[in-house]
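Visitor: Input model19.cif, format and content: mmCIF, C-alpha atoms.
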```
data_work
#
loop_
_atom_site.label_atom_id
_atom_site.label_comp_id
_atom_site.auth_asym_id
_atom_site.auth_seq_id
_atom_site.Cartn_x
_atom_site.Cartn_y
_atom_site.Cartn_z
CA MET E 119 13.42 -22.29 13.43
CA PHE E 120 10.54 -21.47 15.68
CA GLN E 121 7.30 -23.09 16.58
CA LYS E 122 3.72 -22.10 16.11
CA PHE E 123 1.92 -20.64 19.06
CA ALA E 124 -1.78 -20.79 19.88
CA PRO E 125 -3.95 -18.96 20.35
CA ARG E 126 -3.02 -16.19 17.89
CA MET E 127 -4.73 -13.44 19.90
CA LEU E 128 -2.25 -13.33 22.73
CA GLY E 129 -2.98 -10.46 25.09
CA PHE E 130 -0.30 -9.22 27.49
CA ALA E 131 0.04 -12.42 29.50
CA GLY E 132 0.20 -14.50 26.32
CA ALA E 133 2.73 -12.11 24.83
CA ALA E 134 5.05 -12.53 27.81
CA THR E 135 4.82 -16.31 27.52
CA CYS E 136 5.41 -16.04 23.79
CA ALA E 137 8.46 -13.85 24.26
CA LEU E 138 9.99 -16.48 26.53
CA ALA E 139 9.10 -19.20 24.07
CA LEU E 140 10.60 -17.25 21.19
CA SER E 141 13.97 -17.08 22.92
CA ALA E 142 13.99 -20.84 23.29
CA CYS E 143 12.90 -21.61 19.76
CA GLN E 144 16.36 -21.85 18.27
CA ASP E 145 17.05 -24.76 20.64
CA GLN E 146 14.02 -26.54 19.25
CA ALA E 147 14.92 -26.41 15.57
CA SER E 148 14.60 -30.13 15.15
CA SER E 149 11.30 -30.42 16.93
CA GLY E 150 9.22 -30.58 13.71
CA GLY E 151 5.45 -30.44 13.97
CA GLY E 152 4.57 -26.91 12.96
CA ALA E 153 8.04 -25.40 13.15
CA ARG E 154 8.73 -22.58 10.67
CA ASP E 155 12.10 -22.06 8.99
CA TYR E 156 11.13 -19.38 6.49
CA ILE E 157 10.20 -15.69 6.59
CA SER E 158 6.50 -14.84 6.40
CA ALA E 159 5.33 -11.48 5.04
CA VAL E 160 1.85 -10.15 4.27
CA GLY E 161 0.34 -6.93 3.01
CA SER E 162 0.43 -4.46 0.16
CA SER E 163 -0.06 -5.59 -3.44
CA THR E 164 2.05 -2.58 -4.47
CA VAL E 165 5.00 -3.70 -2.35
CA TYR E 166 4.49 -7.36 -3.32
CA PRO E 167 6.57 -7.38 -6.55
CA PHE E 168 9.47 -5.66 -4.77
CA ALA E 169 9.25 -7.99 -1.77
CA THR E 170 9.25 -11.10 -3.98
CA ALA E 171 12.24 -9.85 -5.99
CA VAL E 172 14.12 -9.25 -2.74
CA GLY E 173 13.08 -12.69 -1.50
CA GLU E 174 14.60 -14.39 -4.54
CA LYS E 175 17.88 -12.48 -4.17
CA PHE E 176 17.95 -13.23 -0.45
CA ALA E 177 17.48 -16.97 -1.01
CA GLU E 178 20.21 -17.06 -3.67
CA ALA E 179 22.69 -15.14 -1.51
CA THR E 180 22.09 -16.91 1.81
CA GLY E 181 20.84 -20.38 0.96
CA ASN E 182 17.78 -19.79 3.16
CA LYS E 183 14.31 -20.69 2.00
CA THR E 184 12.53 -18.16 -0.20
CA PRO E 185 10.20 -16.05 1.98
CA LYS E 186 6.47 -16.70 1.76
CA ILE E 187 4.81 -13.43 0.80
CA ASP E 188 1.03 -12.99 0.64
CA SER E 189 -0.63 -10.09 -1.19
CA THR E 190 -3.46 -9.30 1.22
CA GLY E 191 -3.63 -5.53 0.91
CA THR E 192 -2.13 -3.15 3.44
CA GLY E 193 -5.10 -3.14 5.81
CA GLY E 194 -5.49 -6.90 5.67
CA GLY E 195 -1.75 -7.31 6.21
CA PHE E 196 -1.74 -5.15 9.35
CA GLU E 197 -4.72 -7.11 10.68
CA ARG E 198 -2.79 -10.38 10.43
CA PHE E 199 0.50 -8.84 11.56
CA CYS E 200 -1.09 -7.44 14.71
CA GLN E 201 -2.75 -10.68 15.83
CA GLY E 202 0.25 -11.50 18.01
CA ALA E 203 3.85 -12.72 18.03
CA GLY E 204 4.96 -16.28 17.36
CA GLY E 205 5.35 -18.79 14.59
CA ASP E 206 1.76 -18.66 13.34
CA THR E 207 1.88 -14.89 12.75
CA PRO E 208 3.74 -12.93 10.04
CA ASP E 209 7.21 -11.50 10.61
CA ILE E 210 6.72 -8.58 8.23
CA ALA E 211 3.86 -6.34 7.09
CA ASN E 212 4.33 -4.71 3.69
CA ALA E 213 2.49 -1.39 3.42
CA SER E 214 1.70 1.22 0.79
CA ARG E 215 0.81 3.73 3.50
CA ARG E 216 2.04 4.37 7.01
CA MET E 217 0.66 2.30 9.90
CA LYS E 218 -2.29 3.99 11.60
CA LYS E 219 -2.35 4.72 15.33
CA LYS E 220 -5.32 2.40 15.83
CA GLU E 221 -3.41 -0.42 14.11
CA PHE E 222 -0.38 0.23 16.30
CA ASP E 223 -2.62 0.11 19.38
CA THR E 224 -4.15 -3.18 18.23
CA CYS E 225 -0.66 -4.60 17.85
CA ALA E 226 0.26 -3.48 21.36
CA LYS E 227 -2.94 -4.94 22.80
CA ASN E 228 -2.03 -8.32 21.30
CA GLY E 229 1.57 -8.27 22.48
CA VAL E 230 3.33 -6.91 19.39
CA THR E 231 5.11 -4.08 21.15
CA ASP E 232 8.42 -3.58 19.32
CA ILE E 233 7.69 -2.78 15.68
CA VAL E 234 10.44 -1.58 13.37
CA GLU E 235 9.33 0.79 10.59
CA ILE E 236 11.46 1.03 7.45
CA GLN E 237 10.56 3.17 4.43
CA ILE E 238 11.74 1.26 1.37
CA GLY E 239 10.96 3.86 -1.29
CA ILE E 240 8.27 5.97 -2.92
CA ASP E 241 5.38 5.11 -5.22
CA GLY E 242 2.66 6.97 -7.05
CA ILE E 243 -1.08 6.30 -7.22
CA ALA E 244 -1.33 6.02 -11.00
CA LEU E 245 -4.41 6.40 -13.15
CA GLY E 246 -4.12 4.59 -16.45
CA GLU E 247 -6.08 3.65 -19.54
CA ALA E 248 -5.63 1.27 -22.45
CA GLN E 249 -3.21 2.34 -25.17
CA ARG E 250 -6.23 2.80 -27.47
CA GLY E 251 -8.18 4.70 -24.80
CA PRO E 252 -9.69 8.20 -25.25
CA GLY E 253 -6.65 10.04 -23.87
CA PHE E 254 -8.02 11.34 -20.58
CA LYS E 255 -6.53 14.41 -18.90
CA LEU E 256 -8.06 14.89 -15.48
CA THR E 257 -7.97 17.18 -12.49
CA GLU E 258 -8.37 16.03 -8.91
CA GLU E 259 -11.79 17.70 -8.95
CA ASP E 260 -12.83 15.77 -12.08
CA VAL E 261 -11.99 12.51 -10.33
CA TYR E 262 -13.89 13.57 -7.21
CA LYS E 263 -17.03 14.60 -9.11
CA ALA E 264 -16.99 11.34 -11.05
CA LEU E 265 -16.39 8.89 -8.22
CA ALA E 266 -17.66 10.44 -4.98
CA ALA E 267 -20.90 8.89 -3.74
CA ASN E 268 -22.21 12.29 -2.62
CA PRO E 269 -20.12 15.09 -4.16
CA TYR E 270 -20.47 18.26 -2.10
CA GLY E 271 -23.17 16.50 -0.06
CA LYS E 272 -25.56 15.68 -2.91
CA PRO E 273 -26.18 12.27 -4.56
CA ASN E 274 -23.97 11.69 -7.59
CA THR E 275 -26.01 11.68 -10.83
CA ALA E 276 -23.10 11.87 -13.31
CA LYS E 277 -23.07 8.97 -15.77
CA THR E 278 -20.44 10.12 -18.27
CA TRP E 279 -17.18 12.01 -17.93
CA LYS E 280 -18.77 14.81 -19.99
CA ASP E 281 -21.36 15.19 -17.21
CA VAL E 282 -18.46 15.91 -14.86
CA ASN E 283 -16.59 18.29 -17.14
CA PRO E 284 -17.80 19.40 -20.62
CA ALA E 285 -14.22 19.20 -21.88
CA LEU E 286 -14.02 15.44 -21.17
CA PRO E 287 -15.13 12.58 -23.46
CA ALA E 288 -18.79 11.55 -23.51
CA VAL E 289 -18.03 8.02 -22.36
CA GLY E 290 -19.44 6.25 -19.34
CA ILE E 291 -17.66 6.62 -16.00
CA SER E 292 -15.99 3.27 -15.39
CA VAL E 293 -13.01 2.89 -13.05
CA PHE E 294 -11.42 -0.38 -11.93
CA GLY E 295 -9.64 -0.02 -8.61
CA PRO E 296 -8.43 -1.67 -5.40
CA PRO E 297 -10.66 -2.77 -2.51
CA SER E 298 -11.05 -0.98 0.81
CA THR E 299 -8.42 -3.26 2.43
CA SER E 300 -5.76 -1.85 0.13
CA GLY E 301 -3.27 0.89 0.97
CA THR E 302 -3.66 2.07 -2.61
CA TYR E 303 -7.36 2.62 -1.92
CA ASP E 304 -6.60 4.64 1.23
CA ALA E 305 -3.90 6.68 -0.49
CA PHE E 306 -6.12 7.35 -3.53
CA LYS E 307 -8.85 8.75 -1.28
CA GLU E 308 -6.41 10.92 0.65
CA LEU E 309 -4.14 12.14 -2.15
CA ILE E 310 -6.52 12.57 -5.06
CA LEU E 311 -10.20 12.24 -4.10
CA GLY E 312 -9.90 14.34 -0.93
CA LYS E 313 -7.89 17.05 -2.65
CA GLY E 314 -10.50 17.23 -5.40
CA CYS E 315 -13.18 17.74 -2.79
CA ASP E 316 -11.17 20.43 -0.99
CA ALA E 317 -10.89 22.40 -4.23
CA ASN E 318 -14.34 23.61 -3.18
CA PRO E 319 -13.95 26.32 -0.46
CA GLU E 320 -17.06 25.12 1.44
CA MET E 321 -15.70 21.58 1.65
CA LYS E 322 -12.31 22.85 2.78
CA ALA E 323 -14.03 24.83 5.54
CA LEU E 324 -16.08 21.75 6.50
CA LYS E 325 -12.82 19.95 7.26
CA ASP E 326 -12.30 22.29 10.23
CA SER E 327 -15.91 22.45 11.42
CA ASP E 328 -16.99 18.79 11.09
CA LYS E 329 -14.16 16.36 10.36
CA ASP E 330 -16.36 13.24 10.25
CA LYS E 331 -18.86 14.77 7.85
CA HIS E 332 -16.01 16.06 5.70
CA GLU E 333 -14.51 12.58 5.49
CA ALA E 334 -17.86 11.05 4.52
CA VAL E 335 -18.58 13.64 1.85
CA CYS E 336 -15.07 13.87 0.47
CA THR E 337 -13.86 10.27 0.47
CA GLY E 338 -16.99 8.10 0.20
CA LEU E 339 -16.84 6.25 -3.13
CA ARG E 340 -19.82 5.28 -5.28
CA GLY E 341 -20.10 1.64 -6.30
CA ALA E 342 -20.45 -0.33 -9.52
CA PRO E 343 -20.65 0.29 -12.42
CA PHE E 344 -18.79 3.55 -11.74
CA TYR E 345 -16.13 2.29 -9.32
CA VAL E 346 -15.56 -1.46 -9.44
CA GLU E 347 -13.27 -3.15 -6.89
CA GLN E 348 -10.92 -5.74 -8.40
CA GLY E 349 -9.41 -7.38 -5.34
CA GLU E 350 -5.73 -7.41 -4.39
CA ASN E 351 -4.49 -8.08 -7.91
CA ASP E 352 -3.33 -5.05 -9.88
CA ASN E 353 -2.56 -7.24 -12.89
CA LEU E 354 -6.28 -8.00 -13.12
CA ILE E 355 -6.94 -4.28 -13.49
CA ILE E 356 -4.41 -4.13 -16.33
CA SER E 357 -6.20 -6.93 -18.19
CA LYS E 358 -9.59 -5.28 -17.59
CA LEU E 359 -8.38 -2.07 -19.23
CA ASP E 360 -7.15 -3.98 -22.25
CA LYS E 361 -10.68 -5.34 -22.73
CA ASN E 362 -12.47 -2.08 -21.77
CA PRO E 363 -10.64 0.76 -23.56
CA ASP E 364 -13.01 3.49 -22.30
CA SER E 365 -12.37 2.57 -18.66
CA LEU E 366 -9.74 3.80 -16.24
CA GLY E 367 -7.69 1.89 -13.68
CA ILE E 368 -6.07 2.80 -10.37
CA PHE E 369 -2.85 1.03 -9.31
CA GLY E 370 0.70 1.55 -8.12
CA PHE E 371 3.19 3.18 -10.51
CA SER E 372 5.27 0.01 -10.82
CA TYR E 373 2.36 -1.76 -12.55
CA LEU E 374 2.01 1.12 -15.01
CA ASP E 375 5.74 1.10 -15.64
CA ALA E 376 5.80 -2.67 -16.23
CA ASN E 377 2.89 -2.66 -18.70
CA LYS E 378 3.67 0.22 -21.06
CA ASP E 379 2.82 -1.96 -24.04
CA LYS E 380 -0.78 -2.29 -22.80
CA ILE E 381 -1.62 0.89 -20.90
CA LYS E 382 -0.72 4.56 -20.76
CA ALA E 383 -0.71 7.08 -17.93
CA VAL E 384 -3.53 9.55 -17.35
CA PRO E 385 -2.19 12.97 -16.31
CA VAL E 386 -3.65 14.47 -13.11
CA GLN E 387 -3.42 18.24 -12.63
CA GLY E 388 -1.43 18.28 -15.87
CA VAL E 389 1.28 15.96 -14.50
CA SER E 390 1.82 12.36 -15.63
CA PRO E 391 3.08 9.77 -13.14
CA THR E 392 6.72 9.11 -14.04
CA TYR E 393 9.77 8.17 -12.01
CA ASP E 394 10.96 11.80 -11.96
CA THR E 395 7.60 13.44 -11.16
CA ILE E 396 6.98 11.01 -8.29
CA ALA E 397 10.52 11.34 -6.92
CA GLY E 398 10.35 15.12 -7.16
CA GLY E 399 6.88 15.35 -5.63
CA SER E 400 5.24 17.21 -8.53
CA TYR E 401 2.86 14.33 -9.21
CA PRO E 402 -0.07 14.70 -6.77
CA GLY E 403 -0.38 10.96 -6.06
CA SER E 404 3.11 10.40 -4.60
CA ARG E 405 3.27 8.24 -1.44
CA PRO E 406 5.85 6.39 0.71
CA LEU E 407 6.16 2.59 0.87
CA PHE E 408 7.10 0.70 4.05
CA ILE E 409 7.89 -2.62 5.60
CA TYR E 410 7.20 -3.28 9.31
CA ILE E 411 9.16 -5.95 11.21
CA LYS E 412 8.47 -7.66 14.54
CA LYS E 413 11.68 -7.15 16.52
CA ALA E 414 10.83 -10.18 18.67
CA HIS E 415 11.18 -12.38 15.58
CA VAL E 416 14.66 -11.06 14.66
CA GLY E 417 17.31 -13.60 15.55
CA VAL E 418 14.66 -16.31 15.81
CA VAL E 419 13.30 -16.56 12.27
CA PRO E 420 16.26 -17.61 10.10
CA GLY E 421 17.59 -14.77 7.99
CA LEU E 422 15.05 -12.10 8.95
CA ALA E 423 17.65 -9.37 9.57
CA GLU E 424 19.50 -10.41 6.39
CA TYR E 425 16.28 -10.17 4.37
CA VAL E 426 15.71 -6.63 5.61
CA ALA E 427 19.31 -5.73 4.71
CA GLU E 428 18.77 -7.21 1.22
CA PHE E 429 15.62 -5.11 0.83
CA LEU E 430 17.56 -1.93 1.53
CA LYS E 431 20.31 -3.05 -0.82
CA GLY E 432 17.77 -3.49 -3.62
CA ALA E 433 16.11 -0.17 -2.74
CA ALA E 434 19.37 1.79 -2.76
CA LYS E 435 20.27 4.37 -5.40
CA ASP E 436 22.01 1.82 -7.63
CA GLY E 437 19.86 -1.12 -6.50
CA TYR E 438 17.90 -3.54 -8.66
CA LEU E 439 14.41 -2.49 -7.51
CA ALA E 440 14.45 0.75 -9.51
CA ALA E 441 14.25 -1.36 -12.67
CA LYS E 442 11.02 -2.82 -11.30
CA GLY E 443 9.43 0.59 -10.79
CA LEU E 444 10.42 1.48 -7.23
CA VAL E 445 11.15 5.20 -6.84
CA ILE E 446 14.23 5.53 -4.64
CA SER E 447 13.94 7.42 -1.33
CA PRO E 448 15.77 10.73 -0.92
CA PRO E 449 19.12 10.45 0.95
CA ASP E 450 17.82 11.54 4.37
CA VAL E 451 14.94 9.04 4.27
CA ALA E 452 17.27 6.26 3.07
CA ALA E 453 19.73 7.06 5.88
CA LYS E 454 16.98 6.84 8.52
CA ALA E 455 15.80 3.51 7.06
CA ALA E 456 19.34 2.12 7.21
CA ALA E 457 19.74 3.24 10.81
CA ASN E 458 16.42 1.69 11.81
CA ALA E 459 17.37 -1.58 10.14
CA LYS E 460 20.82 -1.71 11.70
CA GLY E 461 19.60 -1.00 15.22
CA MET E 462 16.15 -2.56 14.80
CA THR E 463 14.83 0.61 16.40
CA PRO E 464 11.19 0.32 17.52
CA LEU E 465 8.61 2.73 16.15
CA ASN E 466 7.27 5.40 18.50
CA GLY E 467 3.50 5.09 18.28
CA ALA E 468 3.06 8.72 19.33
CA GLU E 469 4.25 9.71 15.83
CA LEU E 470 1.26 8.02 14.18
CA LYS E 471 -2.17 9.41 13.31
#
```
What do you get writing this file as structure tokens?
Guide:
Amino acid sequence: MFQKFAPRMLGFAGAATCALALSACQDQASSGGGARDYISAVGSSTVYPFATAVGEKFAEATGNKTPKIDSTGTGGGFERFCQGAGGDTPDIANASRRMKKKEFDTCAKNGVTDIVEIQIGIDGIALGEAQRGPGFKLTEEDVYKALAANPYGKPNTAKTWKDVNPALPAVGISVFGPPSTSGTYDAFKELILGKGCDANPEMKALKDSDKDKHEAVCTGLRGAPFYVEQGENDNLIISKLDKNPDSLGIFGFSYLDANKDKIKAVPVQGVSPTYDTIAGGSYPGSRPLFIYIKKAHVGVVPGLAEYVAEFLKGAAKDGYLAAKGLVISPPDVAAKAAANAKGMTPLNGAELK
């Protein structure tokens, strides 16, 4: 068990004090008053169902308390994770994209210096519609022209999908998606929206000549009623589609896979998001999923290392997370994850962007 520490923003001096305090926490297990005897994780709504399934298995196998897992979105999770080390900060950040260099630097500034990165599998940014929907078939460029605030540098005037592409249905553009704090949001902009923009040679050239302008033009989303943020709850998007059959939704593949009775996949570039297309990389929205662990909390928070081991067990080739929609990592990625978990090897921030 280990105690809460205040303040949460530690700085280097505070981090050193905290590190000393952490090592003494196990001797204070009976101290009460703010002590924590459970694992705390925050972050991605996409990773959330996998993390909770692992938490239940972990509690059953070890007798430890079930971990407390908050679905805050990847960005929001990193913000809380990087506030410092100690009992009032999370042990784990779940992420549907890789940690950014600026997030790593924020962690370091606040005393979180040994971060262990483990890829737990692969996911796809899925576009879906209600079972009774129009039957959309989209290209990356269609999505860009429909949802970009200023496609190719000009204000977006498209109101229907037919305005975007004459071959598409004449129904209003309406997409329910994640908020800007979500890793799904970031990955959608990078993997689908940005690629649609770069289908235009001038925009692709702009990427080399003016990176900031390129990012603004290619990944800036228009607002409601065209793109409507739904918070960190992908199940809410599923229910919205059921009530709005002409609308589209953006979510992780596992939510599509778990709700086949209500929604169907929308092909992108002629490829539907399935387990095989995501695993093989032919689906354009494929992305890695991660968990990040504070090494300073290992051996202090009861069962933290065992929880990580259980996560990799569930994410293995014959593990139970595949049934929940997790796409299993290729052997080399899985081997690296296992090695990182066994040695609790800190991430090298120089690798990040």
Visitor: Determine the residue set returned by the PyMOL selection byres ((chain E and resi 188) around 7) for the present structure, and present it as a list in words.
Guide: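 For this structure, the PyMOL selection byres ((chain E and resi 188) around 7) resolves to Ala159, Val160, Gly161, Lys186, Ile187, Ser189 and Thr190 of chain E.
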Visitor: List as an mmCIF file with C-alpha atoms, keeping the file's coordinate frame the protein and nucleic acid residues near Val416 (chain E), meaning an atom at most 9 Å away when all atoms listed in the file are counted, but skip any in the same chain fewer than 6 places from it.
Guide:
```cif
data_model
loop_
_atom_site.group_PDB
_atom_site.id
_atom_site.type_symbol
_atom_site.label_atom_id
_atom_site.label_comp_id
_atom_site.auth_asym_id
_atom_site.auth_seq_id
_atom_site.Cartn_x
_atom_site.Cartn_y
_atom_site.Cartn_z
ATOM 1 C CA ASP E 209 7.210 -11.500 10.610
ATOM 2 C CA LEU E 422 15.050 -12.100 8.950
ATOM 3 C CA ALA E 423 17.650 -9.370 9.570
ATOM 4 C CA MET E 462 16.150 -2.560 14.800
#
```
Visitor: Check what the PyMOL selection byres ((chain E and resi 257-260) around 8) selects in the file above and give those residues as a PDB file with C-alpha atoms, keeping the file's coordinate frame.
Guide:
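The new file selection_5.pdb reads:
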```pdb
ATOM      1  CA  LYS E 255      -6.530  14.410 -18.900  1.00  0.00           C
ATOM      2  CA  LEU E 256      -8.060  14.890 -15.480  1.00  0.00           C
ATOM      3  CA  VAL E 261     -11.990  12.510 -10.330  1.00  0.00           C
ATOM      4  CA  TYR E 262     -13.890  13.570  -7.210  1.00  0.00           C
ATOM      5  CA  LYS E 263     -17.030  14.600  -9.110  1.00  0.00           C
ATOM      6  CA  ALA E 264     -16.990  11.340 -11.050  1.00  0.00           C
ATOM      7  CA  VAL E 282     -18.460  15.910 -14.860  1.00  0.00           C
ATOM      8  CA  ASN E 283     -16.590  18.290 -17.140  1.00  0.00           C
ATOM      9  CA  ILE E 310      -6.520  12.570  -5.060  1.00  0.00           C
ATOM     10  CA  LEU E 311     -10.200  12.240  -4.100  1.00  0.00           C
ATOM     11  CA  LYS E 313      -7.890  17.050  -2.650  1.00  0.00           C
ATOM     12  CA  GLY E 314     -10.500  17.230  -5.400  1.00  0.00           C
ATOM     13  CA  CYS E 315     -13.180  17.740  -2.790  1.00  0.00           C
ATOM     14  CA  ALA E 317     -10.890  22.400  -4.230  1.00  0.00           C
ATOM     15  CA  VAL E 386      -3.650  14.470 -13.110  1.00  0.00           C
ATOM     16  CA  GLN E 387      -3.420  18.240 -12.630  1.00  0.00           C
ATOM     17  CA  GLY E 388      -1.430  18.280 -15.870  1.00  0.00           C
TER      18      GLY E 388
END
```
Visitor: Have a look at CA of Lys331 (chain E) and CA of Leu265 (chain E) and let me know their distance in Å, one decimal.
Guide: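 For CA of Lys331 (chain E) relative to CA of Leu265 (chain E), the distance reads 17.3 Å.
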Visitor: Measure the distance from CA of Gly312 (chain E) to CA of Thr299 (chain E) in Å and round it to one decimal.
Guide: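 Separation of CA of Gly312 (chain E) and CA of Thr299 (chain E): 18.0 Å.
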Visitor: Given the point (-8.7, 1.5, -10.1) in the file's coordinates, find the residues that have an atom at most 6 Å from it, counting all atoms listed in the file, and give them as an NGL selection string.
Guide: :E and (293-296 or 367-369)
Visitor: As an exercise, work out the distance from CA of Lys435 (chain E) to CA of Thr164 (chain E) in Å and give it to one decimal place.
Guide: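 Here the two named atoms are 19.5 Å from each other.
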Visitor: Name the residues, using the chain letters and numbers of the file, that sit within 8 Å of (8.7, -8.1, 17.8) when counting all atoms listed in the file, and give them as number ranges by chain.
Guide: E: 203, 230-233, 411-416
Visitor: Smallest atom-to-atom distance to Ala456 (chain E): which of E:Val418, E:Ile236, E:Val289, E:Gly251, using only C-alpha atoms?
Guide: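 Of the candidates, the smallest distance to Ala456 (chain E) is held by E:Ile236.
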Visitor: Just the residues within 10 Å of Ile291 (chain E), please, counting all atoms listed in the file, with nothing from its chain fewer than 2 positions along; format it as a list in words.
Guide: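 Near neighbours after the sequence-gap exclusion: Val261, Ala264, Leu265, Ala276, Lys277, Thr278, Trp279, Lys280, Asp281, Val282, Pro287, Ala288, Val289, Val293, Ala342, Pro343, Phe344, Tyr345, Asp364, Ser365 and Leu366 of chain E.
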Visitor: Assuming the chain letters and numbering stay as they are in my file, what does the PyMOL selection byres ((chain E and resi 248) around 8) actually select? List them as a VMD selection string.
Guide: chain E and resid 246 to 247 249 to 251 359 to 360 362 to 366 380 to 382
Visitor: May I ask which of the residues E:Arg154, E:Lys272, E:Lys307, E:Arg340 is the closest one to Lys183 (chain E), counting only C-alpha atoms?
Guide: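 Counting only C-alpha atoms, the residue closest to Lys183 (chain E) is E:Arg154.
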Visitor: Choose the residue, out of E:Glu424, E:Asp326, E:Asp206, E:Asp241, that has the smallest atom-to-atom separation from Ala440 (chain E); count all atoms listed in the file.
Guide: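 Closest to Ala440 (chain E), using all atoms listed in the file: E:Asp241.
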Visitor: Which is closer to Ala457 (chain E) than all the others in E:Gln237, E:Asn228, E:Thr170, E:Thr207, using only C-alpha atoms?
Guide: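 Among E:Gln237, E:Asn228, E:Thr170, E:Thr207, it is E:Gln237 that comes nearest to Ala457 (chain E).
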Visitor: Rank E:Thr337, E:Ser162, E:Asn274, E:Thr463 by their smallest atom-to-atom distance to Gly301 (chain E), using all atoms listed in the file, and report the top residue only.
Guide: E:Ser162
